[in-house]
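To start, the structure itself, in structure tokens.
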Amino acid sequence: MCGIVAFYDPKINDKQAVIGKMMATIKHRGPSSDGYYTNDEVALGFRRLSIIDLRGGSQPIYNEDKTRAIIFNGEIYNFKPLRKELIEAGHTFTTKADTEVLLHGYEEWGMDGLLKRVRGMFAFLIWDDNNKTLYGARDFFGIKPLYYSDIDGHLLVGSELKSFLEYPKFKRELNVEAVKPYLMNQYNDLDETFFKGVYRFPAGHWFEYKDGEMQTHQYWDAEYQENNLSFEATVQKINEDLKETVDLYRNADVKVGAFLSEGVDSSFLTTLLDPDDVFSISFDDSTYDEASKAKALSDIKGWHFFSDKVDADEAMHDFAEMQYHMDEPDANPSIIPLWYLCKLARKHVTVALSGEGADELFAGYVNYGMHTHNDVIKVFTSELQKLPQNKQWKLAKKLKKMPNFPGRVHMYTNLAKPSEFYVGQSVIYDMNYPTIFTSKDANSILQPSYRNKLTVNGIYQKDFKKVENVDRVKQMQYIDLHHFMLNDIEQKADKISMAHSLELRVPYLDKKIAELANSIPTKYLVNRHDTKYALRKASEKVLPEEWAKRPKLGFPTPIKQWLQEPRFYKQVRELFSAEFVNDIFDQKKIIKLLDDNYNGDGSHRRQIWAIYTFLVWYKLFFVDYENTVKKYQHVQPEVANLIAQGKLL
């Protein structure tokens with residue numbers, strides 16, 4: 001895995017010095033080596049973590065006459081047959097790396113033709129000196145990050161936002177519009193980042209940039225057309241395709257391990273991979289322990305099991321460094337166990353497989369319509385779903401107005417239009433569907449210049465329109481894939497793993513697997529038996545039934561307990577009381593919220609954690625940035641030790 005950064009600016013003379021400073025900010029992504037390309041118009045910079053063709057795959061890589069250069073972050077899992085095809089077409093390869101397949105593939109097939117052929121995770125840039133054009137692309141799901149800023153005739157583009165801060169013309173300005181959506185979601189769900197004028201390049205798209213103008217093209221999106229396979233054939237197909245995908249994803253010239261929790265997603269993948277080493281994490285609080293079940297499966301399968309416990313004091317101390325690497329504030333508490341899991345794994349392997357994407361693709365979330373364990377209510381709701389849609393919608397509106405009763409939420413969410421109520425993973429499960437902060441509550445704690453009319457559901461509306469003709473569950477899956485998965489789950493998976501120079505591979509988020517999952521009839525995915533039903537039944541072919549039926553935990557983190565510990569309460573309160581905070585928040589209100597949470601039942605913990613995370617991040621990038629760079633711009637100690645021992649090229 002690697003990091004890339006580039007800029008187009010004919011007015012900058014010493015491009016080598018500028019790109020060098022930008023590359024230095026992302027050396028954690030590629031501690032093995034670096035490289036750059038410059039001319040009168042552009043500069044391309046690259047940091048490398050060696051995975052394939054360890055000695056010959058350094059970048060930039062050039063075509064035969066050196067008129068085209070590429071820098072690439074990611075993996076192309078089917079590069080070998082594509083390489084063979086390109087050699088037969090007359091292209092000459094100088095490396096064995098997958099990067100060169102992208103470059104010659106662009107020459108042979110163009111950007112559209114190339115992107116329709118590849119399977120993988122990627123963000124890459126190609127400078128074509130023949131037509132003075134910079135091309136770039138981001139993978140199907142946005143697994144690999146790619147940011148850009150297109151202002152005043154110059155372009156910045158790269159893997160991480162922090163590299164942009166070293167560009168001499170970059171103005172570090174907070175995007176005030178992003179603060180409220182972040183409070184409602186726990187992550188920024190806008191296209192524009194927290195840095196004004198900087199955007200996330202969209203997943204499934206590519207661009208061409210020439211003479212100061214960018215044109216963007218979409219090459220892939222999730223589509224939902226149900227197949228005609230029987231349930232038994234569906235289960236068999238899941239097994240076959242997932243096994244073929246995992247076999248592709250094991251390809252590396254370094255050691256490959258796997259993350260293992262107690263859930264079905266990681267257990268299924270790890271069993272198909274059958275690695276030597278697996279890794280799990282738990283907390284010093286015994287309430288949250290996935291490692292014991294993971295070890296039990298490891299013992300059955302004969303894997304070498306590594307685990308560690310998260311220490312609360314260490315986590316609260318390291319939390320600022322985690323947010324530095326995230327680039328934007330992300331209050332998903334699972335960042336904390338992921339940090340220590342990556343740290344543990346990196347001591348033993350360079351690549352690890354992980355189970356992200358299964359819930360979005362195979363319908364694993366309970367808010368896709370599984371809000372009850374009562375079989376009678378499930379059957380009754382199934383009968384109501386046989387009514388014409390208009391009658392279902394009318395009944396849903398009546399249910400919404402009724403006093404609460406057992407099964408009401410389940411019935412409502414299975415009858416109503418998702419576009420009228422769905423707020424993704426921001427929901428707390430009661431009938432009113434409040435988010436972490438409601439729109440009204442978020443505005444009430446913000447200073448006037450930070451308030452706006454945005455709502456979580458409102459942000460989703462443009463995407464709901466794209467899938468208004470498919471069924472309810474698939475509408476919600478599409479929303480989660482393009483919001484929660486894209487802007488939260490994938491961001492933390494990439495940034496936290498790369499902070500430790502660890503490549504994380506996610507086989508569920510493979511184009512082939514997604515196209516299969518999207519074609520499976522919803523009745524096979526979510527039904528009265530379970531969520532993610534077809535995937536669970538498929539996993540039973542290789543897993544003990546106990547693991548196939550395990551409910552999702554999703555790295556639960558004991559922030560409720562932490563925020564009611566006197567030492568951590570004091571730490572958070574000290575930050576809430578800082579002078580700069582009142583410029584953004586109503587300081588008295590957020591301190592009262594914190595005090596009420598500490599003295600009460602801890603029910604405000606998500607709100608407190610969202611505010612605290614933002615303030616930690618804001619202090620790093622806007623209040624004390626010079627010290628931030630000095631403190632955190634380094635590779636992790638375990639990676640530095642590997643380099644010192646000569647174990648990392």
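If you're wondering about the labels, chains in the structure tokens are A, B, ... by order shown, residues count from 1 in each chain, ligands from 1 in order shown.
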**Prompt:** Residues at most 12 Å from Leu161 in chain A, counting only C-alpha atoms, excluding those fewer than 5 positions away in the same chain, as a ChimeraX atom specification?
**Reply:** /A:3-6,22-23,25-26,145-149,156,166-167,170,172,192-201,324-328,495,621
**Request:** Select from range 385-560 of chain A everything DSSP, run on the backbone, classes as strand (DSSP E or B), then give the selection as a list in words.
**Result:** Leu446, Glu503, Leu504 and Arg505 of chain A
Using N, CA, C and O atoms, can you export the residues from the last selection as an mmCIF file, in the first residue's frame?
data_model
loop_
_atom_site.group_PDB
_atom_site.id
_atom_site.type_symbol
_atom_site.label_atom_id
_atom_site.label_comp_id
_atom_site.auth_asym_id
_atom_site.auth_seq_id
_atom_site.Cartn_x
_atom_site.Cartn_y
_atom_site.Cartn_z
ATOM 1 N N LEU A 446 -24.595 25.135 18.634
ATOM 2 C CA LEU A 446 -23.632 25.797 17.766
ATOM 3 C C LEU A 446 -23.822 27.302 17.771
ATOM 4 O O LEU A 446 -24.949 27.801 17.940
ATOM 5 N N GLU A 503 -1.349 -2.803 5.136
ATOM 6 C CA GLU A 503 -2.337 -2.830 4.056
ATOM 7 C C GLU A 503 -3.531 -3.666 4.481
ATOM 8 O O GLU A 503 -3.395 -4.828 4.843
ATOM 9 N N LEU A 504 -4.716 -3.065 4.411
ATOM 10 C CA LEU A 504 -5.954 -3.751 4.763
ATOM 11 C C LEU A 504 -6.723 -4.066 3.484
ATOM 12 O O LEU A 504 -7.028 -3.167 2.703
ATOM 13 N N ARG A 505 -7.037 -5.342 3.285
ATOM 14 C CA ARG A 505 -7.778 -5.765 2.099
ATOM 15 C C ARG A 505 -9.181 -6.196 2.512
ATOM 16 O O ARG A 505 -9.350 -6.872 3.532
#
Taking only C-alpha atoms into account, produce a table as a tab-separated table in which each residue of range 294-318 of chain A with an atom at most 12 Å from an atom of range 557-570 of chain A appears once, together with its shortest atom pair and the distance in Å to one decimal, ordered by chain and rising number.
residue	atom	partner	partner_atom	distance
A:Lys309	CA	A:Thr557	CA	11.8
A:Val310	CA	A:Thr557	CA	9.6
A:Asp311	CA	A:Trp562	CA	11.0
A:Ala312	CA	A:Trp562	CA	7.4
A:Asp313	CA	A:Phe568	CA	8.4
A:Glu314	CA	A:Phe568	CA	11.5
A:Ala315	CA	A:Trp562	CA	10.3
A:Met316	CA	A:Phe568	CA	7.8
A:His317	CA	A:Phe568	CA	10.1
**Request:** Tell me, as a ChimeraX atom specification, which residues lie within 8 Å of Asn332 in chain A, counting only C-alpha atoms; anything in the same chain fewer than 6 positions away does not count.
**Result:** /A:186-187,488
Per residue of range 212-322 of chain A within 7 Å of range 515-522 of chain A, record the nearest atom pair and its distance in Å to one decimal, counting only C-alpha atoms, with rows in chain order and ascending residue number, as JSON lines.
{"residue": "A:Glu223", "atom": "CA", "partner": "A:Asn518", "partner_atom": "CA", "distance": 6.7}
{"residue": "A:Tyr224", "atom": "CA", "partner": "A:Asn518", "partner_atom": "CA", "distance": 5.2}
{"residue": "A:Gln225", "atom": "CA", "partner": "A:Ser519", "partner_atom": "CA", "distance": 5.3}
{"residue": "A:Glu226", "atom": "CA", "partner": "A:Ser519", "partner_atom": "CA", "distance": 4.3}
{"residue": "A:Asn227", "atom": "CA", "partner": "A:Ser519", "partner_atom": "CA", "distance": 5.3}
Residue contacts of Asp241 in chain A (12 Å, only C-alpha atoms) excluding same-chain residues fewer than 6 positions away, as a compact mmCIF listing (two decimals) with C-alpha atoms, in the first residue's frame:
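Result went into selection.txt, see below:
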# COMPACT_ATOMS: atom_id res chain seq x y z
CA THR A 234 -27.65 -18.44 -4.21
CA VAL A 235 -25.90 -19.91 -1.18
CA ASP A 247 -7.87 -16.56 -3.36
CA LEU A 248 -7.19 -13.46 -5.48
CA LEU A 269 -13.38 -14.70 5.30
CA LEU A 272 -11.65 -19.22 3.41
CA PRO A 507 -12.82 -8.93 -0.10
CA TYR A 508 -16.54 -8.22 0.47
CA ASP A 510 -14.95 -6.57 -4.52
CA LYS A 511 -16.82 -5.64 -7.69
CA LYS A 512 -17.71 -9.28 -8.40
CA ILE A 513 -19.02 -9.87 -4.88
CA ALA A 514 -21.01 -6.63 -4.94
CA GLU A 515 -22.65 -7.43 -8.26
CA LEU A 516 -23.65 -10.83 -6.92
CA ALA A 517 -24.98 -9.41 -3.64
CA LEU A 535 -24.51 -15.03 3.74
CA ALA A 538 -23.37 -19.82 2.95
**Request:** Using only C-alpha atoms, find the one residue out of A:Lys391, A:Ile436, A:Pro275, A:Leu174 that sits nearest to Tyr618 in chain A.
**Result:** A:Leu174
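Each of A:Leu387, A:Leu297, A:Val118, A:Leu125 was compared to Tyr77 in chain A using only C-alpha atoms, and A:Val118 turns out to be the nearest.
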**Prompt:** Counting only C-alpha atoms, which of A:Leu165, A:Met214, A:Ala331, A:Val542 gets nearest to Thr613 in chain A?
**Reply:** A:Ala331
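For the residues A:Gly142, A:Pro168, A:Thr67, A:Thr350, ranking by smallest atom-to-atom distance to Val18 in chain A using only C-alpha atoms places A:Pro168 first.
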**Message:** Taking 5 positions as the minimum chain separation for residues in the same chain, which residues sit within 7 Å of Gly136 in chain A when counting only C-alpha atoms? Answer as an NGL selection string.
**Reply:** :A and (124-126 or 206-208)
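Omitting Arg536 in chain A and its sequence neighbours fewer than 3 positions away, and counting only C-alpha atoms, the residues within 6 Å are Tyr533, Ser539 and Ala548 of chain A.
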**Request:** Just the residues within 7 Å of Phe437 in chain A, please, counting only C-alpha atoms, with nothing from its chain fewer than 6 positions along; format it as number ranges by chain.
**Result:** A: 183-184, 607
**Asked** A:Tyr598, A:Pro31, A:Asp318, A:Val572: which is nearest Asn641 in chain A, counting only C-alpha atoms?
**Response** A:Pro31
**Request:** Mind listing the helix (DSSP H, G or I) residues of range 194-314 of chain A, per DSSP on the backbone, as JSON, numbers by chain?
**Result:** {"A": [231, 232, 233, 234, 235, 236, 237, 238, 239, 240, 241, 242, 243, 244, 245, 246, 247, 248, 249, 264, 265, 266, 267, 268, 269, 270, 271, 272, 273, 291, 292, 293, 294, 295, 296, 297, 298, 299, 300, 301, 312, 313, 314]}
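Counting only C-alpha atoms, the residue from A:Lys343, A:Lys210, A:Lys630, A:Lys417 that sits nearest to Lys132 in chain A is A:Lys210.
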Sorted by chain and rising residue number, which residues of range 505-587 of chain A lie within 6 Å of range 361-381 of chain A, and what are their closest atom pairs and distances in Å to one decimal, counting only C-alpha atoms, as a Markdown table?
| residue | atom | partner | partner_atom | distance |
| --- | --- | --- | --- | --- |
| A:Ala517 | CA | A:Leu361 | CA | 5.8 |
| A:Leu525 | CA | A:Ala363 | CA | 6.0 |
| A:Arg528 | CA | A:Lys378 | CA | 5.7 |
| A:Thr531 | CA | A:Gly364 | CA | 5.0 |
| A:Lys532 | CA | A:Gly364 | CA | 4.6 |
Please write the residues from the selection above to a file, keeping C-alpha atoms, as a tab-separated table (two decimals), in the first residue's frame.
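Everything below was put into again15.tsv:
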chain	number	residue	atom	x	y	z
A	517	ALA	CA	-24.98	-9.41	-3.64
A	525	LEU	CA	-31.13	-11.34	2.63
A	528	ARG	CA	-38.17	-13.38	9.60
A	531	THR	CA	-30.48	-10.34	8.74
A	532	LYS	CA	-27.72	-11.24	6.27
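Note that CA of Ile335 in chain A and CA of Ala320 in chain A are 11.5 Å apart.
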